[in-house]
Amino acid sequence: MHQVERRGVRLKVLVTYYSETGNTEKIARAIHEEVSKEHEAHLKKIKEVTADALNNYELVFLGSACHSADLAAPAKKILDAVPTSPKFKLAGFFTHATLCSGDSARTQKLFDRWAGKCIVSFEKVSMEKRIDFKGYYHCQGVPSLPIQEFIKKEIIESADEWKGYIKEVRKHPSSEDVQKAKSFAREVLSKS
Ligand SMILES: Cc1cc2nc3c(=O)[nH]c(=O)nc-3n(C[C@H](O)[C@H](O)[C@H](O)COP(=O)(O)O)c2cc1C
């Protein structure tokens, strides 16, 4: 039997997210659906919550689209406003256009360059504010057309690379990404 069930602990959990084109929202909904099975789960856009209100929850999943290689400004803003040693535990998630599957050195370098700060930001704020951080989940999310243009012009090195990239990124967040987000949620709950 699941550890949380055995202890009969029903946590008050918030899933909050910043999403412009729906990718991060899709992951937020999946996490919320999973958490709702055994806990009191609330789903809110970041603009609907304040840093102080996060303390009304025992666990907060905070998600963001990746913008300019980091968490988007509204996500950073709320994390920056969290008081030190808050009551809630934190888990992070983000979606990004950068490829993250495969183990080529170039893929790794691109991920670090174009999305790595999202991880750094979650970890840094958690350390600085003594937040009990339970880890993060991330996956690709198909970018909007202007961002596709940027990637094609500034990052992609050949027509073949573009063909492979765009074919892959259009599939995300995939049903596999959603399942992985749900297992991430279960893992976080088991540690909370
Ligand atoms: C203004 C802007 C900047 C972006 N910058 C990055 C970036 O630096 N790195 C990256 O991997 N993706 C970047 N993206 C792509 C998004 O992170 C990605 O498509 C994400 O899934 C969008 O999430 P959303 O649909 O929840 O808004 C950017 C998108 C926008 C709109």
# chains A, B, ... in the order shown; residues from 1 in each chain; ligands from 1

$ residues_near_ligand --ligand "ligand 1" --cutoff "10 Å" --atoms "only C-alpha atoms and all ligand atoms" --output "number ranges by chain"
A: 17-28, 63-72, 94-100, 110-118, 138-148, 150-151, 169-170, 172-173

$ residues_around --residues "Arg130 in chain A" --least-positions-apart "5" --cutoff "8 Å" --atoms "only C-alpha atoms" --output "PyMOL selection string"
chain A and resi 84-86+125

$ atom_distance --atom1 "CA of Tyr137 in chain A" --atom2 "CA of Tyr165 in chain A"
21.1 Å

$ atom_distance --atom1 "CA of Leu14 in chain A" --atom2 "CA of Ser101 in chain A"
28.8 Å

$ select_by_dssp --residues "range 8-170 of chain A" --states "strand (DSSP E or B)" --output "VMD selection string"
chain A and resid 12 to 18 40 to 45 59 to 67 70 to 71 89 to 96 132 to 140

$ write_last_selection --atoms "C-alpha atoms" --output "tab-separated table (two decimals), in the first residue's frame"
chain	number	residue	atom	x	y	z
A	12	LYS	CA	-3.10	20.40	1.06
A	13	VAL	CA	-1.31	20.85	-2.26
A	14	LEU	CA	-1.13	23.71	-4.73
A	15	VAL	CA	-0.17	23.28	-8.37
A	16	THR	CA	0.55	26.71	-9.77
A	17	TYR	CA	2.01	27.56	-13.15
A	18	TYR	CA	2.92	30.21	-15.70
A	40	GLU	CA	-6.60	18.07	-1.47
A	41	ALA	CA	-5.21	19.58	-4.67
A	42	HIS	CA	-5.71	23.09	-6.03
A	43	LEU	CA	-4.76	24.25	-9.53
A	44	LYS	CA	-4.08	27.95	-10.08
A	45	LYS	CA	-2.31	30.21	-12.53
A	59	LEU	CA	3.30	21.32	-0.72
A	60	VAL	CA	3.56	23.56	-3.78
A	61	PHE	CA	4.31	22.39	-7.32
A	62	LEU	CA	5.42	25.52	-9.17
A	63	GLY	CA	5.76	25.41	-12.94
A	64	SER	CA	6.91	27.77	-15.65
A	65	ALA	CA	7.66	28.05	-19.31
A	66	CYS	CA	11.36	28.62	-19.92
A	67	HIS	CA	11.98	32.14	-21.19
A	70	ASP	CA	15.49	30.79	-17.27
A	71	LEU	CA	12.12	30.50	-15.52
A	89	LYS	CA	7.66	22.21	0.59
A	90	LEU	CA	8.43	23.02	-3.05
A	91	ALA	CA	8.66	20.97	-6.24
A	92	GLY	CA	9.41	22.60	-9.60
A	93	PHE	CA	8.54	21.87	-13.21
A	94	PHE	CA	9.19	23.63	-16.49
A	95	THR	CA	8.82	23.16	-20.22
A	96	HIS	CA	11.32	24.39	-22.78
A	132	ASP	CA	12.49	22.22	1.51
A	133	PHE	CA	12.92	21.54	-2.23
A	134	LYS	CA	11.71	18.15	-3.43
A	135	GLY	CA	13.13	18.25	-6.96
A	136	TYR	CA	12.05	19.21	-10.45
A	137	TYR	CA	10.60	17.82	-13.65
A	138	HIS	CA	11.07	19.19	-17.15
A	139	CYS	CA	10.20	18.28	-20.71
A	140	GLN	CA	10.10	19.87	-24.12

$ select_by_dssp --residues "range 98-156 of chain A" --states "helix (DSSP H, G or I)" --output "ChimeraX atom specification"
/A:105-114,116-128,145-154

$ atom_distance --atom1 "CA of Arg29 in chain A" --atom2 "CA of Gln179 in chain A"
11.6 Å

$ closest_atom_pairs --of "range 7-50 of chain A" --to "range 181-185 of chain A" --cutoff "7 Å" --atoms "only C-alpha atoms" --output "JSON lines"
{"residue": "A:Ile27", "atom": "CA", "partner": "A:Ala181", "partner_atom": "CA", "distance": 6.5}
{"residue": "A:Ala30", "atom": "CA", "partner": "A:Lys182", "partner_atom": "CA", "distance": 6.2}
{"residue": "A:Ile31", "atom": "CA", "partner": "A:Lys182", "partner_atom": "CA", "distance": 5.4}
{"residue": "A:Glu34", "atom": "CA", "partner": "A:Lys182", "partner_atom": "CA", "distance": 5.8}
{"residue": "A:Val35", "atom": "CA", "partner": "A:Ala185", "partner_atom": "CA", "distance": 6.8}

$ residues_around --residues "Glu161 in chain A" --least-positions-apart "4" --cutoff "12 Å" --atoms "only C-alpha atoms" --output "PyMOL selection string"
chain A and resi 99+106-107+151-153+155-157+165-168

$ closest_residue --among "A:Glu149, A:Glu154, A:Asp80, A:Asp52" --to "Ser126 in chain A" --atoms "only C-alpha atoms"
A:Asp80
